[in-house]
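Contents: one structure, followed by commentary.
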Amino acid sequence: MTTVTRLGVVGCGLMGSGIAEVAARRAIDVRVAEATPEALEAGRRRIIASLDRGVQRGKLSEQQREQALAHLSFTHDLSDLADREFVIEAVAENRDIKTDVLTAVDKALEDPTAILATNTSSIPIVDLAVNTERPGRFIGMHFFNPVPVQQLVEVIPALTSSPETVECTRELVGQLGKKAIQAPDRSGFVVNALLVPYLLSAVRMVESSAARPDDIDRGMELGCAHPMGPLRLLDLIGLDTAQAVAESMYAEFKEPLYAPPALLRRMVAAGHLGRKSGRGFYSYDD
């Protein structure tokens, strides 16, 4: 397999909808699966809204929008993914949830050579691969939010991943118009291993009243030319996702710099998750 023509995406939240949109815009036949009809409809509306914004901003023509939608289909039955050549799982960053979904997708795929990928930002790939019947055709793909904008995909082979699986995955990344780096199968991979301690340090500065969120963010934006400060970035990522990534990294390495600060845990418990909930370190009207 050199070119993927039939792609499956499981999960249509922020990440799954972005992956599906990018693939459909590249004329790949994409089938999106969600757990319930309600979640599926919400995901479908999310993709349409993103395509509409692309038209409004002059990034897409009306014809390109219609062509992308024509390459999308939706289901809440995993058996409808049976004919897919490549499936990307993009459900919640939770090991148990991912394991259950990946096991079910693995059983649904008819082609034993089909590749199954997990979009995770922290969970070791081999831990998920060994729960399937295709560990050699299993790999990690870490996309970045927002998927239509961010160019990077971390390709993470497990110890079990075959060279052919790695090659096919890198080819798919190029097919999607993205750039790949190969990352080690360790919690956090490359980007989050560097990024997460920095983000948690910013939370600790707020927690200790050493500096205000806006001053921290402006300092990094103006002083280090970062496009977005660490606390605004946390709000964009989602504080619950950031906590899950930090917990996964702490569980593997037991390094204090990876431990989620108490403030982060309390904000997640309160439902202050960032942009998606309307409130995090900042408040959002929309």
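Residue numbers start at 1 in each chain; chains themselves are named A, B, ... in the order of the structure tokens; ligands are numbered from 1 in the order shown.
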#### Entry: Sel. of alpha helix (DSSP H) residues, segment 54-246 of chain A, as a ChimeraX atom specification
/A:54-56,62-70,95-108,125-129,163-175,191-207,213-224,230-237,239-246
### Which of segment 132-285 of chain A DSSP labels strand (DSSP E), written as a ChimeraX atom specification
/A:138-143,152-157,179-182
Restricting it to N, CA, C and O atoms, dump the selection as a PDB file, in the first residue's frame.
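Saved result, out-v7.pdb, follows:
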```
ATOM      1  N   PHE A 138       0.481  -1.726  13.665  1.00  0.00           N
ATOM      2  CA  PHE A 138      -0.025  -0.740  14.625  1.00  0.00           C
ATOM      3  C   PHE A 138       1.051   0.323  14.839  1.00  0.00           C
ATOM      4  O   PHE A 138       2.245   0.005  14.913  1.00  0.00           O
ATOM      5  N   ILE A 139       0.626   1.596  14.967  1.00  0.00           N
ATOM      6  CA  ILE A 139       1.596   2.688  15.085  1.00  0.00           C
ATOM      7  C   ILE A 139       0.946   3.889  15.756  1.00  0.00           C
ATOM      8  O   ILE A 139      -0.286   3.975  15.840  1.00  0.00           O
ATOM      9  N   GLY A 140       1.745   4.801  16.241  1.00  0.00           N
ATOM     10  CA  GLY A 140       1.248   6.048  16.803  1.00  0.00           C
ATOM     11  C   GLY A 140       1.368   7.191  15.812  1.00  0.00           C
ATOM     12  O   GLY A 140       2.354   7.275  15.074  1.00  0.00           O
ATOM     13  N   MET A 141       0.366   8.055  15.786  1.00  0.00           N
ATOM     14  CA  MET A 141       0.389   9.290  14.990  1.00  0.00           C
ATOM     15  C   MET A 141      -0.102  10.411  15.894  1.00  0.00           C
ATOM     16  O   MET A 141      -1.269  10.418  16.290  1.00  0.00           O
ATOM     17  N   HIS A 142       0.773  11.331  16.243  1.00  0.00           N
ATOM     18  CA  HIS A 142       0.384  12.432  17.118  1.00  0.00           C
ATOM     19  C   HIS A 142       0.199  13.692  16.283  1.00  0.00           C
ATOM     20  O   HIS A 142       1.172  14.328  15.865  1.00  0.00           O
ATOM     21  N   PHE A 143      -1.074  14.025  16.008  1.00  0.00           N
ATOM     22  CA  PHE A 143      -1.414  15.267  15.323  1.00  0.00           C
ATOM     23  C   PHE A 143      -1.471  16.399  16.343  1.00  0.00           C
ATOM     24  O   PHE A 143      -1.615  16.166  17.543  1.00  0.00           O
ATOM     25  N   LEU A 152       2.790  19.637  11.784  1.00  0.00           N
ATOM     26  CA  LEU A 152       3.567  18.505  12.293  1.00  0.00           C
ATOM     27  C   LEU A 152       2.699  17.302  12.641  1.00  0.00           C
ATOM     28  O   LEU A 152       1.593  17.444  13.180  1.00  0.00           O
ATOM     29  N   VAL A 153       3.227  16.110  12.330  1.00  0.00           N
ATOM     30  CA  VAL A 153       2.695  14.850  12.864  1.00  0.00           C
ATOM     31  C   VAL A 153       3.878  14.044  13.379  1.00  0.00           C
ATOM     32  O   VAL A 153       4.829  13.776  12.639  1.00  0.00           O
ATOM     33  N   GLU A 154       3.835  13.680  14.663  1.00  0.00           N
ATOM     34  CA  GLU A 154       4.845  12.770  15.201  1.00  0.00           C
ATOM     35  C   GLU A 154       4.444  11.340  14.837  1.00  0.00           C
ATOM     36  O   GLU A 154       3.337  10.907  15.151  1.00  0.00           O
ATOM     37  N   VAL A 155       5.338  10.628  14.172  1.00  0.00           N
ATOM     38  CA  VAL A 155       5.130   9.225  13.839  1.00  0.00           C
ATOM     39  C   VAL A 155       5.900   8.402  14.870  1.00  0.00           C
ATOM     40  O   VAL A 155       7.121   8.546  14.992  1.00  0.00           O
ATOM     41  N   ILE A 156       5.165   7.554  15.612  1.00  0.00           N
ATOM     42  CA  ILE A 156       5.779   6.848  16.739  1.00  0.00           C
ATOM     43  C   ILE A 156       5.645   5.338  16.542  1.00  0.00           C
ATOM     44  O   ILE A 156       4.586   4.759  16.821  1.00  0.00           O
ATOM     45  N   PRO A 157       6.683   4.676  16.058  1.00  0.00           N
ATOM     46  CA  PRO A 157       6.630   3.213  15.944  1.00  0.00           C
ATOM     47  C   PRO A 157       6.733   2.567  17.326  1.00  0.00           C
ATOM     48  O   PRO A 157       7.504   3.017  18.174  1.00  0.00           O
ATOM     49  N   LYS A 179       3.965  17.330   7.693  1.00  0.00           N
ATOM     50  CA  LYS A 179       5.379  16.970   7.821  1.00  0.00           C
ATOM     51  C   LYS A 179       5.545  16.015   8.998  1.00  0.00           C
ATOM     52  O   LYS A 179       4.960  16.223  10.068  1.00  0.00           O
ATOM     53  N   ALA A 180       6.337  14.976   8.800  1.00  0.00           N
ATOM     54  CA  ALA A 180       6.521  13.960   9.839  1.00  0.00           C
ATOM     55  C   ALA A 180       7.892  14.067  10.489  1.00  0.00           C
ATOM     56  O   ALA A 180       8.885  14.373   9.824  1.00  0.00           O
ATOM     57  N   ILE A 181       7.919  13.830  11.791  1.00  0.00           N
ATOM     58  CA  ILE A 181       9.167  13.512  12.475  1.00  0.00           C
ATOM     59  C   ILE A 181       8.950  12.167  13.152  1.00  0.00           C
ATOM     60  O   ILE A 181       7.824  11.826  13.523  1.00  0.00           O
ATOM     61  N   GLN A 182       9.999  11.384  13.284  1.00  0.00           N
ATOM     62  CA  GLN A 182       9.884  10.100  13.960  1.00  0.00           C
ATOM     63  C   GLN A 182      10.263  10.283  15.421  1.00  0.00           C
ATOM     64  O   GLN A 182      11.315  10.847  15.735  1.00  0.00           O
TER      65      GLN A 182
END
```
### Query
Which neighbours of Arg266 of chain A fall inside 12 Å, counting only C-alpha atoms, when residues of the same chain fewer than 3 positions from it are skipped, and could you give them as a list in words?
Val203, Glu207, Leu239, Asp240, Gln243, Pro260, Pro261, Ala262, Leu263, Ala269, Ala270, Gly271, His272, Leu273 and Gly280 of chain A
Keeping only N, CA and C atoms, write those residues as an mmCIF file, in the first residue's frame.
```
data_model
loop_
_atom_site.group_PDB
_atom_site.id
_atom_site.type_symbol
_atom_site.label_atom_id
_atom_site.label_comp_id
_atom_site.auth_asym_id
_atom_site.auth_seq_id
_atom_site.Cartn_x
_atom_site.Cartn_y
_atom_site.Cartn_z
ATOM 1 N N VAL A 203 1.961 27.120 35.157
ATOM 2 C CA VAL A 203 0.856 26.934 36.106
ATOM 3 C C VAL A 203 1.362 27.133 37.532
ATOM 4 N N GLU A 207 0.076 29.541 40.470
ATOM 5 C CA GLU A 207 -0.326 28.911 41.725
ATOM 6 C C GLU A 207 0.367 29.569 42.925
ATOM 7 N N LEU A 239 -7.399 21.888 29.502
ATOM 8 C CA LEU A 239 -6.685 21.603 30.742
ATOM 9 C C LEU A 239 -6.819 20.137 31.144
ATOM 10 N N ASP A 240 -7.945 19.511 30.788
ATOM 11 C CA ASP A 240 -8.108 18.094 31.094
ATOM 12 C C ASP A 240 -7.145 17.240 30.273
ATOM 13 N N GLN A 243 -3.679 17.687 31.742
ATOM 14 C CA GLN A 243 -3.534 16.902 32.966
ATOM 15 C C GLN A 243 -3.316 15.429 32.644
ATOM 16 N N PRO A 260 1.204 16.927 37.620
ATOM 17 C CA PRO A 260 0.255 18.035 37.458
ATOM 18 C C PRO A 260 0.143 18.847 38.745
ATOM 19 N N PRO A 261 0.281 20.174 38.691
ATOM 20 C CA PRO A 261 0.136 21.002 39.890
ATOM 21 C C PRO A 261 -1.280 20.923 40.451
ATOM 22 N N ALA A 262 -1.408 21.201 41.727
ATOM 23 C CA ALA A 262 -2.720 21.150 42.381
ATOM 24 C C ALA A 262 -3.701 22.107 41.720
ATOM 25 N N LEU A 263 -3.235 23.288 41.308
ATOM 26 C CA LEU A 263 -4.124 24.260 40.663
ATOM 27 C C LEU A 263 -4.725 23.680 39.387
ATOM 28 N N ALA A 269 -11.256 19.771 37.892
ATOM 29 C CA ALA A 269 -12.373 19.288 38.708
ATOM 30 C C ALA A 269 -13.554 20.255 38.669
ATOM 31 N N ALA A 270 -13.249 21.554 38.549
ATOM 32 C CA ALA A 270 -14.298 22.575 38.499
ATOM 33 C C ALA A 270 -14.912 22.720 37.110
ATOM 34 N N GLY A 271 -14.353 22.017 36.138
ATOM 35 C CA GLY A 271 -14.861 22.128 34.769
ATOM 36 C C GLY A 271 -14.316 23.313 34.012
ATOM 37 N N HIS A 272 -13.276 23.945 34.534
ATOM 38 C CA HIS A 272 -12.635 25.078 33.842
ATOM 39 C C HIS A 272 -11.545 24.513 32.926
ATOM 40 N N LEU A 273 -11.954 24.083 31.752
ATOM 41 C CA LEU A 273 -11.071 23.302 30.872
ATOM 42 C C LEU A 273 -10.417 24.129 29.781
ATOM 43 N N GLY A 280 -10.928 29.002 31.475
ATOM 44 C CA GLY A 280 -9.726 28.313 31.909
ATOM 45 C C GLY A 280 -8.899 29.335 32.664
#
```
#### Entry: Spatial neighbours of Pro135 of chain A, max dist 9 Å, only C-alpha atoms, sep filter under 2 positions, as a list in words
Leu116, Val126, Leu128, Ala129, Val130, Asn131, Thr132, Glu133, Arg137, Phe138, Ile139, Ala158, Leu159, Thr160, Ser161 and Ser162 of chain A
### Message
Restricting the calculation to only C-alpha atoms: of A:Val91, A:Ser121, A:Gly58, A:Glu34, which residue gets closest to Arg186 of chain A?
### Response
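Of all the options, A:Ser121 lies closest to Arg186 of chain A.
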#### Entry: Polymer residues at most 12 Å from segment 112-115 of chain A, only C-alpha atoms, same-chain spacing of 5 or more positions, as a ChimeraX atom specification
/A:1,4-8,81-89,102,105-107,129,132-141,161-162,164-169,172
### Query
Counting only C-alpha atoms, what is within 12 Å of Phe253 of chain A, bar same-chain residues fewer than 4 positions away, as a PyMOL selection string?
chain A and resi 186-188+193+246-249+257-259
The selected residues should be written to file as a PDB file, in the first residue's frame (atoms: C-alpha atoms).
```
ATOM      1  CA  ARG A 186       8.172   6.889  25.386  1.00  0.00           C
ATOM      2  CA  SER A 187       5.515   8.943  27.128  1.00  0.00           C
ATOM      3  CA  GLY A 188       5.502  12.473  25.738  1.00  0.00           C
ATOM      4  CA  ALA A 193       8.554  15.774  26.564  1.00  0.00           C
ATOM      5  CA  ALA A 246       1.178  15.060  32.503  1.00  0.00           C
ATOM      6  CA  GLU A 247      -0.171  12.112  34.514  1.00  0.00           C
ATOM      7  CA  SER A 248       0.911   9.658  31.825  1.00  0.00           C
ATOM      8  CA  MET A 249       4.419  11.124  31.741  1.00  0.00           C
ATOM      9  CA  LEU A 257       8.510  18.226  36.808  1.00  0.00           C
ATOM     10  CA  TYR A 258       5.860  16.072  35.084  1.00  0.00           C
ATOM     11  CA  ALA A 259       3.445  15.993  38.065  1.00  0.00           C
TER      12      ALA A 259
END
```
### Query
Quick one: residues within 9 Å of segment 35-37 of chain A, only C-alpha atoms counted, chain neighbours fewer than 4 positions away excluded, as an MDAnalysis selection string?
chainID A and resid 10:11 41:42 75:78
### Task
Would you please work out which residue, of A:Ser17, A:Asn145, A:Ser277, A:Ser283, is nearest to Pro213 of chain A when using only C-alpha atoms?
A:Ser283
